[in-house]
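The file model_34.json contains JSON, C-alpha atoms:
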[["chain", "number", "residue", "atom", "x", "y", "z"],
["H", 1371, "MET", "CA", 52.74, 45.37, 76.78],
["H", 1372, "ILE", "CA", 55.10, 46.05, 79.70],
["H", 1373, "ARG", "CA", 54.69, 44.82, 83.25],
["H", 1374, "TRP", "CA", 53.88, 48.06, 85.02],
["H", 1375, "LYS", "CA", 55.11, 48.42, 88.58],
["H", 1376, "ALA", "CA", 53.14, 50.90, 90.64],
["H", 1377, "ASP", "CA", 55.11, 53.77, 92.13],
["H", 1378, "ARG", "CA", 54.45, 53.30, 95.85],
["H", 1379, "GLY", "CA", 56.32, 56.47, 96.68],
["H", 1380, "LEU", "CA", 54.01, 58.53, 94.48],
["H", 1381, "GLU", "CA", 50.90, 56.76, 95.79],
["H", 1382, "ALA", "CA", 51.95, 57.39, 99.41],
["H", 1383, "ARG", "CA", 52.63, 61.05, 98.70],
["H", 1384, "MET", "CA", 49.30, 61.50, 96.91],
["H", 1385, "LEU", "CA", 47.45, 59.93, 99.86],
["H", 1386, "LEU", "CA", 49.36, 62.03, 102.39],
["H", 1387, "THR", "CA", 48.78, 65.22, 100.40],
["H", 1388, "MET", "CA", 45.05, 64.53, 100.09],
["H", 1389, "PHE", "CA", 44.81, 63.66, 103.81],
["H", 1390, "LEU", "CA", 46.57, 66.86, 104.89],
["H", 1391, "LEU", "CA", 44.54, 68.95, 102.46],
["H", 1392, "ALA", "CA", 41.31, 67.34, 103.75],
["H", 1393, "ILE", "CA", 42.22, 68.40, 107.30],
["H", 1394, "LEU", "CA", 43.05, 71.87, 106.04],
["H", 1395, "TYR", "CA", 39.79, 71.96, 104.08],
["H", 1396, "LEU", "CA", 37.65, 70.98, 107.09],
["H", 1397, "ALA", "CA", 39.43, 73.51, 109.31],
["H", 1398, "PHE", "CA", 38.85, 76.17, 106.67],
["H", 1399, "LEU", "CA", 35.13, 75.36, 106.52],
["H", 1400, "ALA", "CA", 34.91, 75.43, 110.33],
["H", 1401, "VAL", "CA", 36.45, 78.91, 110.45],
["H", 1402, "LEU", "CA", 34.13, 80.22, 107.74],
["H", 1403, "ILE", "CA", 31.07, 78.87, 109.56],
["H", 1404, "SER", "CA", 32.26, 80.16, 112.94],
["H", 1405, "GLN", "CA", 32.68, 83.65, 111.45],
["H", 1406, "GLY", "CA", 29.10, 83.75, 110.29],
["H", 1407, "VAL", "CA", 29.52, 82.95, 106.60],
["H", 1408, "SER", "CA", 26.18, 81.68, 105.28],
["H", 1409, "ASN", "CA", 25.89, 77.91, 104.87],
["H", 1410, "MET", "CA", 24.18, 78.47, 101.53],
["H", 1411, "VAL", "CA", 27.06, 80.63, 100.33],
["H", 1412, "ILE", "CA", 29.55, 77.93, 101.35],
["H", 1413, "ILE", "CA", 27.57, 75.21, 99.58],
["H", 1414, "ILE", "CA", 27.10, 77.22, 96.40],
["H", 1415, "ILE", "CA", 30.63, 78.58, 96.13],
["H", 1416, "MET", "CA", 32.61, 75.58, 97.37],
["H", 1417, "GLY", "CA", 30.35, 72.79, 96.13],
["H", 1418, "GLY", "CA", 29.70, 74.41, 92.77],
["H", 1419, "PHE", "CA", 33.31, 75.41, 92.25],
["H", 1420, "MET", "CA", 34.57, 71.91, 93.10],
["H", 1421, "LEU", "CA", 32.20, 70.26, 90.61],
["H", 1422, "LEU", "CA", 33.13, 72.82, 87.98],
["H", 1423, "GLN", "CA", 36.83, 72.26, 88.53],
["H", 1424, "TYR", "CA", 36.56, 68.46, 88.57],
["H", 1425, "TYR", "CA", 34.47, 68.10, 85.44],
["H", 1426, "TYR", "CA", 35.62, 71.07, 83.39],
["H", 1427, "SER", "CA", 39.19, 71.81, 84.52],
["H", 1428, "ASP", "CA", 40.62, 70.11, 81.42],
["H", 1429, "ARG", "CA", 38.50, 72.26, 79.09],
["H", 1430, "MET", "CA", 39.40, 75.41, 80.99],
["H", 1431, "ILE", "CA", 43.11, 74.58, 80.81],
["H", 1432, "LEU", "CA", 42.95, 73.80, 77.09],
["H", 1433, "THR", "CA", 41.01, 76.99, 76.43],
["H", 1434, "SER", "CA", 43.42, 79.13, 78.48],
["H", 1435, "MET", "CA", 46.34, 77.71, 76.49],
["H", 1436, "GLY", "CA", 44.62, 78.05, 73.13],
["H", 1437, "ALA", "CA", 44.89, 74.29, 72.59],
["H", 1438, "ARG", "CA", 42.93, 72.63, 69.81],
["H", 1439, "ILE", "CA", 41.92, 68.97, 69.71],
["H", 1440, "VAL", "CA", 43.29, 67.43, 66.50],
["H", 1441, "SER", "CA", 42.10, 64.39, 64.59],
["H", 1442, "GLU", "CA", 44.27, 61.59, 63.25],
["H", 1443, "SER", "CA", 44.10, 63.05, 59.76],
["H", 1444, "GLU", "CA", 45.35, 66.42, 61.06],
["H", 1445, "ALA", "CA", 48.24, 65.02, 63.13],
["H", 1446, "PRO", "CA", 48.96, 61.46, 61.96],
["H", 1447, "GLU", "CA", 52.45, 61.21, 63.49],
["H", 1448, "LEU", "CA", 51.27, 62.31, 66.93],
["H", 1449, "HIS", "CA", 48.37, 59.87, 66.86],
["H", 1450, "GLN", "CA", 50.62, 57.05, 65.70],
["H", 1451, "ILE", "CA", 53.17, 57.65, 68.49],
["H", 1452, "VAL", "CA", 50.55, 57.99, 71.22],
["H", 1453, "SER", "CA", 48.60, 54.95, 69.98],
["H", 1454, "ARG", "CA", 51.72, 52.76, 70.11],
["H", 1455, "LEU", "CA", 52.71, 54.02, 73.56],
["H", 1456, "CYS", "CA", 49.17, 53.45, 74.88],
["H", 1457, "ALA", "CA", 49.32, 49.85, 73.65],
["H", 1458, "ILE", "CA", 52.60, 49.36, 75.52],
["H", 1459, "ALA", "CA", 51.35, 51.03, 78.71],
["H", 1460, "ASP", "CA", 47.86, 49.44, 78.57],
["H", 1461, "LEU", "CA", 46.04, 52.76, 78.39],
["H", 1462, "PRO", "CA", 42.96, 53.90, 76.47],
["H", 1463, "MET", "CA", 43.74, 56.32, 73.67],
["H", 1464, "PRO", "CA", 43.50, 59.92, 74.94],
["H", 1465, "LYS", "CA", 42.50, 62.93, 72.91],
["H", 1466, "ILE", "CA", 45.39, 64.84, 71.39],
["H", 1467, "ALA", "CA", 45.63, 68.62, 71.35],
["H", 1468, "VAL", "CA", 48.06, 71.05, 69.79],
["H", 1469, "VAL", "CA", 48.98, 74.51, 71.10],
["H", 1470, "ASN", "CA", 50.21, 76.99, 68.50],
["H", 1471, "SER", "CA", 53.22, 78.25, 70.45],
["H", 1472, "SER", "CA", 56.95, 78.43, 69.81],
["H", 1473, "MET", "CA", 57.57, 77.40, 73.42],
["H", 1474, "PRO", "CA", 58.60, 73.70, 73.34],
["H", 1475, "ASN", "CA", 56.46, 71.98, 75.97],
["H", 1476, "ALA", "CA", 53.78, 69.37, 76.61],
["H", 1477, "PHE", "CA", 51.21, 68.54, 79.26],
["H", 1478, "ALA", "CA", 48.42, 66.10, 80.12],
["H", 1479, "THR", "CA", 45.09, 66.92, 81.68],
["H", 1480, "GLY", "CA", 41.76, 65.25, 82.42],
["H", 1481, "ARG", "CA", 39.99, 63.71, 85.41],
["H", 1482, "ASN", "CA", 40.73, 60.04, 84.68],
["H", 1483, "GLN", "CA", 42.28, 57.64, 82.17],
["H", 1484, "LYS", "CA", 39.16, 57.55, 80.01],
["H", 1485, "ASN", "CA", 38.86, 61.35, 79.87],
["H", 1486, "ALA", "CA", 42.45, 62.37, 79.30],
["H", 1487, "VAL", "CA", 44.00, 64.84, 76.89],
["H", 1488, "VAL", "CA", 47.66, 64.98, 75.92],
["H", 1489, "ALA", "CA", 48.73, 68.32, 74.48],
["H", 1490, "VAL", "CA", 51.91, 69.43, 72.76],
["H", 1491, "THR", "CA", 53.05, 72.77, 71.44],
["H", 1492, "THR", "CA", 54.03, 73.27, 67.81],
["H", 1493, "GLY", "CA", 57.41, 74.35, 69.16],
["H", 1494, "ILE", "CA", 58.18, 70.97, 70.73],
["H", 1495, "VAL", "CA", 57.09, 69.05, 67.62],
["H", 1496, "GLN", "CA", 59.43, 71.14, 65.49],
["H", 1497, "ARG", "CA", 62.36, 71.06, 67.92],
["H", 1498, "LEU", "CA", 62.55, 67.36, 68.88],
["H", 1499, "ASN", "CA", 63.29, 64.33, 66.74],
["H", 1500, "HIS", "CA", 60.96, 61.33, 66.65],
["H", 1501, "SER", "CA", 62.58, 59.44, 69.55],
["H", 1502, "GLU", "CA", 62.71, 62.51, 71.79],
["H", 1503, "LEU", "CA", 59.08, 63.40, 71.07],
["H", 1504, "GLU", "CA", 58.12, 59.80, 71.85],
["H", 1505, "ALA", "CA", 59.89, 60.05, 75.23],
["H", 1506, "VAL", "CA", 58.07, 63.30, 76.07],
["H", 1507, "LEU", "CA", 54.70, 61.81, 75.17],
["H", 1508, "ALA", "CA", 55.50, 58.72, 77.26],
["H", 1509, "HIS", "CA", 56.19, 61.07, 80.18],
["H", 1510, "GLU", "CA", 52.77, 62.69, 79.78],
["H", 1511, "LEU", "CA", 51.04, 59.31, 79.43],
["H", 1512, "THR", "CA", 52.67, 58.24, 82.70],
["H", 1513, "HIS", "CA", 50.81, 61.07, 84.41],
["H", 1514, "VAL", "CA", 47.63, 59.53, 83.01],
["H", 1515, "LYS", "CA", 48.71, 56.03, 84.07],
["H", 1516, "ASN", "CA", 49.55, 57.17, 87.61],
["H", 1517, "ARG", "CA", 46.28, 59.11, 87.91],
["H", 1518, "ASP", "CA", 48.15, 62.01, 89.46],
["H", 1519, "MET", "CA", 46.28, 64.45, 87.18],
["H", 1520, "MET", "CA", 43.06, 63.74, 89.08],
["H", 1521, "VAL", "CA", 44.79, 64.25, 92.44],
["H", 1522, "MET", "CA", 46.30, 67.52, 91.26],
["H", 1523, "THR", "CA", 42.87, 68.70, 90.03],
["H", 1524, "ILE", "CA", 41.26, 67.98, 93.42],
["H", 1525, "ALA", "CA", 44.24, 69.31, 95.36],
["H", 1526, "THR", "CA", 44.27, 72.66, 93.59],
["H", 1527, "PHE", "CA", 40.58, 73.21, 94.43],
["H", 1528, "LEU", "CA", 41.13, 74.34, 98.02],
["H", 1529, "SER", "CA", 44.09, 76.49, 97.05],
["H", 1530, "SER", "CA", 42.00, 78.15, 94.34],
["H", 1531, "ILE", "CA", 39.15, 78.94, 96.75],
["H", 1532, "ALA", "CA", 41.52, 80.41, 99.34],
["H", 1533, "GLN", "CA", 43.28, 82.41, 96.63],
["H", 1534, "LEU", "CA", 39.98, 83.86, 95.42],
["H", 1535, "LEU", "CA", 39.04, 84.91, 98.97],
["H", 1536, "VAL", "CA", 42.42, 86.54, 99.56],
["H", 1537, "ARG", "CA", 42.16, 88.39, 96.26],
["H", 1538, "TYR", "CA", 38.56, 89.61, 96.50],
["H", 1539, "LEU", "CA", 37.77, 89.92, 100.23],
["H", 1540, "PRO", "CA", 39.24, 93.44, 100.42],
["H", 1541, "PHE", "CA", 36.72, 94.51, 97.78],
["H", 1542, "MET", "CA", 33.77, 92.93, 99.57],
["H", 1543, "GLY", "CA", 33.43, 95.61, 102.23],
["H", 1544, "GLY", "CA", 34.99, 94.01, 105.28],
["H", 1545, "GLY", "CA", 37.14, 96.11, 107.61],
["H", 1546, "GLY", "CA", 34.67, 97.91, 109.74],
["H", 1547, "GLY", "CA", 36.07, 100.48, 112.11],
["H", 1548, "GLY", "CA", 32.83, 101.27, 113.93],
["H", 1549, "ARG", "CA", 31.24, 99.75, 117.02],
["H", 1550, "GLY", "CA", 28.98, 96.82, 117.78],
["H", 1551, "ARG", "CA", 28.07, 94.87, 114.68],
["H", 1552, "ASP", "CA", 30.42, 96.89, 112.49],
["H", 1553, "ARG", "CA", 33.35, 96.05, 114.74],
["H", 1554, "ASP", "CA", 32.33, 92.36, 114.89],
["H", 1555, "SER", "CA", 32.01, 92.33, 111.11],
["H", 1556, "GLY", "CA", 35.44, 93.88, 110.73],
["H", 1557, "GLY", "CA", 36.95, 91.32, 113.11],
["H", 1558, "SER", "CA", 35.35, 88.44, 111.22],
["H", 1559, "PHE", "CA", 36.67, 89.83, 107.96],
["H", 1560, "VAL", "CA", 40.23, 89.94, 109.34],
["H", 1561, "VAL", "CA", 39.99, 86.37, 110.67],
["H", 1562, "VAL", "CA", 38.65, 85.00, 107.38],
["H", 1563, "PHE", "CA", 41.28, 86.91, 105.40],
["H", 1564, "ILE", "CA", 44.20, 85.67, 107.56],
["H", 1565, "VAL", "CA", 42.95, 82.07, 107.57],
["H", 1566, "SER", "CA", 42.39, 82.19, 103.81],
["H", 1567, "LEU", "CA", 45.95, 83.46, 103.34],
["H", 1568, "LEU", "CA", 47.37, 80.67, 105.54],
["H", 1569, "VAL", "CA", 45.32, 77.99, 103.77],
["H", 1570, "TRP", "CA", 46.45, 79.31, 100.39],
["H", 1571, "VAL", "CA", 50.15, 79.25, 101.34],
["H", 1572, "LEU", "CA", 50.05, 75.83, 103.07],
["H", 1573, "SER", "CA", 48.05, 74.14, 100.32],
["H", 1574, "PHE", "CA", 50.30, 75.72, 97.70],
["H", 1575, "ILE", "CA", 53.42, 74.30, 99.37],
["H", 1576, "LEU", "CA", 51.85, 70.82, 99.65],
["H", 1577, "ILE", "CA", 50.84, 70.86, 95.98],
["H", 1578, "GLN", "CA", 54.27, 72.03, 94.82],
["H", 1579, "ALA", "CA", 55.99, 69.25, 96.79],
["H", 1580, "LEU", "CA", 53.71, 66.63, 95.21],
["H", 1581, "SER", "CA", 54.20, 68.20, 91.77],
["H", 1582, "ARG", "CA", 57.97, 67.85, 92.02],
["H", 1583, "TYR", "CA", 57.83, 64.18, 92.96],
["H", 1584, "ARG", "CA", 55.27, 63.32, 90.29],
["H", 1585, "GLU", "CA", 57.67, 64.66, 87.66],
["H", 1586, "PHE", "CA", 60.32, 62.20, 88.84],
["H", 1587, "ALA", "CA", 57.71, 59.42, 88.69],
["H", 1588, "ALA", "CA", 56.66, 60.41, 85.16],
["H", 1589, "ASP", "CA", 60.30, 60.48, 84.02],
["H", 1590, "ARG", "CA", 60.73, 56.97, 85.40],
["H", 1591, "GLY", "CA", 57.55, 55.83, 83.65],
["H", 1592, "ALA", "CA", 58.71, 57.28, 80.34],
["H", 1593, "ALA", "CA", 62.00, 55.38, 80.69],
["H", 1594, "ILE", "CA", 60.11, 52.14, 81.33],
["H", 1595, "ILE", "CA", 57.62, 52.60, 78.47],
["H", 1596, "THR", "CA", 60.20, 53.55, 75.85],
["H", 1597, "GLY", "CA", 63.11, 51.55, 77.24],
["H", 1598, "GLN", "CA", 65.40, 54.48, 76.37],
["H", 1599, "PRO", "CA", 65.97, 56.95, 79.26],
["H", 1600, "SER", "CA", 68.61, 58.75, 77.17],
["H", 1601, "ASN", "CA", 65.93, 59.96, 74.74],
["H", 1602, "LEU", "CA", 64.12, 61.80, 77.53],
["H", 1603, "VAL", "CA", 67.42, 63.21, 78.79],
["H", 1604, "SER", "CA", 68.13, 64.58, 75.31],
["H", 1605, "ALA", "CA", 64.61, 66.03, 75.05],
["H", 1606, "LEU", "CA", 64.81, 67.70, 78.48],
["H", 1607, "MET", "CA", 68.16, 69.28, 77.65],
["H", 1608, "LYS", "CA", 66.85, 70.63, 74.35],
["H", 1609, "ILE", "CA", 63.63, 72.14, 75.66],
["H", 1610, "SER", "CA", 65.08, 73.37, 78.96],
["H", 1611, "GLY", "CA", 67.68, 75.43, 77.11],
["H", 1612, "PHE", "CA", 65.07, 77.15, 74.96],
["H", 1613, "LYS", "CA", 64.46, 80.83, 75.75],
["H", 1614, "VAL", "CA", 60.71, 81.28, 76.19],
["H", 1615, "PRO", "CA", 59.22, 84.37, 74.51],
["H", 1616, "THR", "CA", 57.54, 86.85, 76.85],
["H", 1617, "GLU", "CA", 54.13, 86.44, 75.21],
["H", 1618, "ASP", "CA", 54.27, 82.68, 75.76],
["H", 1619, "LEU", "CA", 55.27, 83.15, 79.41],
["H", 1620, "ARG", "CA", 52.14, 85.18, 80.08],
["H", 1621, "ARG", "CA", 49.97, 82.29, 78.88],
["H", 1622, "VAL", "CA", 51.43, 79.79, 81.34],
["H", 1623, "GLU", "CA", 51.68, 81.84, 84.53],
["H", 1624, "GLY", "CA", 49.94, 80.31, 87.54],
["H", 1625, "PRO", "CA", 48.79, 76.71, 88.12],
["H", 1626, "VAL", "CA", 48.98, 75.72, 84.43],
["H", 1627, "SER", "CA", 52.79, 75.81, 84.63],
["H", 1628, "ALA", "CA", 52.76, 72.84, 87.03],
["H", 1629, "LEU", "CA", 51.32, 70.64, 84.26],
["H", 1630, "PHE", "CA", 54.21, 71.11, 81.83],
["H", 1631, "ILE", "CA", 57.06, 68.65, 81.36],
["H", 1632, "VAL", "CA", 59.49, 71.51, 82.12],
["H", 1633, "PRO", "CA", 58.71, 74.72, 84.04],
["H", 1634, "ALA", "CA", 58.00, 77.84, 82.05],
["H", 1635, "LEU", "CA", 60.05, 79.89, 84.50],
["H", 1636, "THR", "CA", 63.77, 79.47, 85.01],
["H", 1637, "ARG", "CA", 65.28, 77.94, 88.12],
["H", 1638, "SER", "CA", 66.67, 81.25, 89.32],
["H", 1639, "SER", "CA", 63.23, 82.86, 89.26],
["H", 1640, "LEU", "CA", 61.78, 80.86, 92.17],
["H", 1641, "MET", "CA", 63.02, 79.27, 95.37],
["H", 1642, "ASN", "CA", 63.10, 75.47, 95.30],
["H", 1643, "LEU", "CA", 60.33, 75.34, 97.91],
["H", 1644, "PHE", "CA", 57.93, 76.99, 95.50],
["H", 1645, "SER", "CA", 59.12, 75.22, 92.36],
["H", 1646, "THR", "CA", 56.67, 72.98, 90.52],
["H", 1647, "HIS", "CA", 59.49, 70.88, 89.04],
["H", 1648, "PRO", "CA", 62.73, 69.32, 90.24],
["H", 1649, "THR", "CA", 65.90, 70.75, 88.75],
["H", 1650, "LEU", "CA", 67.03, 69.59, 85.33],
["H", 1651, "GLU", "CA", 70.24, 68.24, 86.86],
["H", 1652, "ALA", "CA", 68.32, 66.10, 89.38],
["H", 1653, "ARG", "CA", 66.04, 64.69, 86.66],
["H", 1654, "ILE", "CA", 68.93, 63.81, 84.36],
["H", 1655, "GLU", "CA", 70.82, 62.19, 87.23],
["H", 1656, "ALA", "CA", 67.77, 60.06, 88.13],
["H", 1657, "LEU", "CA", 67.31, 58.96, 84.50],
["H", 1658, "GLN", "CA", 70.99, 58.07, 84.20],
["H", 1659, "ARG", "CA", 70.73, 55.94, 87.35],
["H", 1660, "ILE", "CA", 67.79, 54.08, 85.82],
["H", 1661, "GLU", "CA", 69.77, 53.41, 82.64],
["H", 1662, "GLN", "CA", 72.90, 52.30, 84.51],
["H", 1663, "SER", "CA", 70.94, 49.98, 86.80],
["H", 1664, "GLY", "CA", 69.61, 48.00, 83.85],
["H", 1665, "ALA", "CA", 66.18, 47.92, 85.52],
["H", 1666, "ILE", "CA", 64.33, 48.46, 82.23]]

Written form, structure tokens:
Amino acid sequence: MIRWKADRGLEARMLLTMFLLAILYLAFLAVLISQGVSNMVIIIIMGGFMLLQYYYSDRMILTSMGARIVSESEAPELHQIVSRLCAIADLPMPKIAVVNSSMPNAFATGRNQKNAVVAVTTGIVQRLNHSELEAVLAHELTHVKNRDMMVMTIATFLSSIAQLLVRYLPFMGGGGGGRGRDRDSGGSFVVVFIVSLLVWVLSFILIQALSRYREFAADRGAAIITGQPSNLVSALMKISGFKVPTEDLRRVEGPVSALFIVPALTRSSLMNLFSTHPTLEARIEALQRIEQSGAI
């Protein structure tokens, strides 16, 4: 078992992100209440949605990806690799899922270390050799070790609520052009819509910034667990150069893409500010520095 050193940079960023999102969340609630939104509606929608997302987000993600939990008899090599890595990293054995997709990728989900799932696509199992697959799985287990999955689950809650309001408010009959109550109702609708849009954008940017750093932290963790940063470098180069089929891209659009070891979309498709992952070049450079420093 290795001597695990906590990533203070990641911990500080997770705390800062949660603090800023909490302020944003409270301000959002205050605006909704001030605009006459029913307290019962707020409790039901926000409270219920948060509980649903916290306890069932992993199942929803697995279902949306078409992932299937596999037993040791169905995937002996995967179970053997993950079991050995968990022993090294001092982690409980997670469930293992497989996604029938030619896109080579992997992700981890779950609300805590005892309720984690590590998923891989059939494409990544076929494309990588044993050492490279081990490095990828160590990367995903580092997300479990760092508990950043739980933070991401909570963090995406507010963004999801704001996104839903932005998407469906125009269909909920707000926009009155009359007088008196109709005009007040229309004004409240505009305020709620604008605030929801701002909350969505700001929370989205905060989440993306945290997502990029947590990928660096997971790369570092994989290098420590396996002792071979070069294996992860090789794996990243292989799967990053793979052209993703259009049908597979449709399955990973939206927040699910942030969970993958590499982004489903290419670097040129999004500005860095809105990217869920650091560039491949930056990740390889960081891993090479780790190897050259002899810190593992």

What lies within 9 Å of segment 1448-1451 of chain H using only C-alpha atoms, ignoring chain neighbours under 4 positions off, as a list of chain:residue names?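 Selected residues are H:Ser1441, H:Glu1442, H:Ser1443, H:Leu1455, H:Cys1456, H:Met1463, H:Lys1465, H:Ile1466, H:Val1495, H:His1500, H:Leu1503, H:Glu1504, H:Leu1507.
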
Using only C-alpha atoms, please write the residues we just selected to a file, as a short mmCIF file (atom, residue, chain, number, x, y, z; two decimals), keeping the file's coordinate frame.
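Result saved to result.cif:
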data_model
loop_
_atom_site.label_atom_id
_atom_site.label_comp_id
_atom_site.auth_asym_id
_atom_site.auth_seq_id
_atom_site.Cartn_x
_atom_site.Cartn_y
_atom_site.Cartn_z
CA SER H 1441 42.10 64.39 64.59
CA GLU H 1442 44.27 61.59 63.25
CA SER H 1443 44.10 63.05 59.76
CA LEU H 1455 52.71 54.02 73.56
CA CYS H 1456 49.17 53.45 74.88
CA MET H 1463 43.74 56.32 73.67
CA LYS H 1465 42.50 62.93 72.91
CA ILE H 1466 45.39 64.84 71.39
CA VAL H 1495 57.09 69.05 67.62
CA HIS H 1500 60.96 61.33 66.65
CA LEU H 1503 59.08 63.40 71.07
CA GLU H 1504 58.12 59.80 71.85
CA LEU H 1507 54.70 61.81 75.17
#

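Distances here use all atoms listed in the file; by that measure, the residue among H:Ile1413, H:Thr1492, H:Gly1436, H:Arg1517 closest to Leu1461 of chain H is H:Arg1517.
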
For a quick check of your reading of the model, name the residues lying within 12 Å of the coordinate (56.8, 58.3, 91.7), counting only C-alpha atoms, and write them as a ChimeraX atom specification. /H:1375-1384,1509,1512-1513,1515-1518,1580-1592,1656

For atom CA of Ser1529 of chain H and atom CA of Leu1567 of chain H, the interatomic separation in Å (one decimal): 9.6 Å

To one decimal place, how far is atom CA of Val1401 of chain H from atom CA of Ile1414 of chain H in Å?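 Pair atom CA of Val1401 of chain H / atom CA of Ile1414 of chain H returns 17.0 Å.
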
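Between atom CA of Val1468 of chain H and atom CA of Val1490 of chain H lies a distance of 5.1 Å.
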
Which residue gives the smallest distance to Tyr1424 of chain H among H:Ser1472, H:Thr1523, H:Asn1485, H:Asn1499, with only C-alpha atoms counted?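 Ranked by minimum distance to Tyr1424 of chain H, first place goes to H:Thr1523.
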
Compare H:Leu1402, H:Val1452, H:Met1388, H:Met1522 by their minimum atom-to-atom distance to Val1560 of chain H, counting all atoms listed in the file, and give me the closest one.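 Nearest candidate to Val1560 of chain H out of H:Leu1402, H:Val1452, H:Met1388, H:Met1522: H:Leu1402.
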
With only C-alpha atoms as the basis for distance, which of H:Ser1566, H:Ala1467, H:Phe1398, H:Val1536 is at the shortest distance from Glu1444 of chain H?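 For Glu1444 of chain H, the nearest of the candidates is H:Ala1467.
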
Which residues come within 12 Å of Leu1422 of chain H, counting all atoms listed in the file, excluding same-chain residues fewer than 5 positions away, as a VMD selection string? chain H and resid 1414 to 1417 1427 to 1430 1481 1523 to 1524 1527

Selection above as a file: C-alpha atoms, as a PDB file, in the coordinates of the input:
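Resulting contents of part.pdb:
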ATOM      1  CA  ILE H1414      27.100  77.220  96.400  1.00  0.00           C
ATOM      2  CA  ILE H1415      30.630  78.580  96.130  1.00  0.00           C
ATOM      3  CA  MET H1416      32.610  75.580  97.370  1.00  0.00           C
ATOM      4  CA  GLY H1417      30.350  72.790  96.130  1.00  0.00           C
ATOM      5  CA  SER H1427      39.190  71.810  84.520  1.00  0.00           C
ATOM      6  CA  ASP H1428      40.620  70.110  81.420  1.00  0.00           C
ATOM      7  CA  ARG H1429      38.500  72.260  79.090  1.00  0.00           C
ATOM      8  CA  MET H1430      39.400  75.410  80.990  1.00  0.00           C
ATOM      9  CA  ARG H1481      39.990  63.710  85.410  1.00  0.00           C
ATOM     10  CA  THR H1523      42.870  68.700  90.030  1.00  0.00           C
ATOM     11  CA  ILE H1524      41.260  67.980  93.420  1.00  0.00           C
ATOM     12  CA  PHE H1527      40.580  73.210  94.430  1.00  0.00           C
TER      13      PHE H1527
END

Take every atom of segment 1495-1508 of chain H listed in the file, pad by 8 Å on each side, and give me the axis-aligned box centre and edge lengths in Å, one decimal, as AutoDock Vina command-line options.
--center_x 59.0 --center_y 64.9 --center_z 71.4 --size_x 24.6 --size_y 28.4 --size_z 27.8

Among the residues H:Val1488, H:Met1410, H:Ile1609, H:Ile1458, the one that comes closest to Leu1432 of chain H [using only C-alpha atoms]: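 Answer, going by the shortest atom-to-atom distance: H:Val1488.
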
Using all atoms listed in the file for the distances, tell me which of H:Ala1400, H:Ala1392, H:Val1506, H:Ala1532 is nearest to Ala1489 of chain H.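 Of the candidates, the smallest distance to Ala1489 of chain H is held by H:Val1506.
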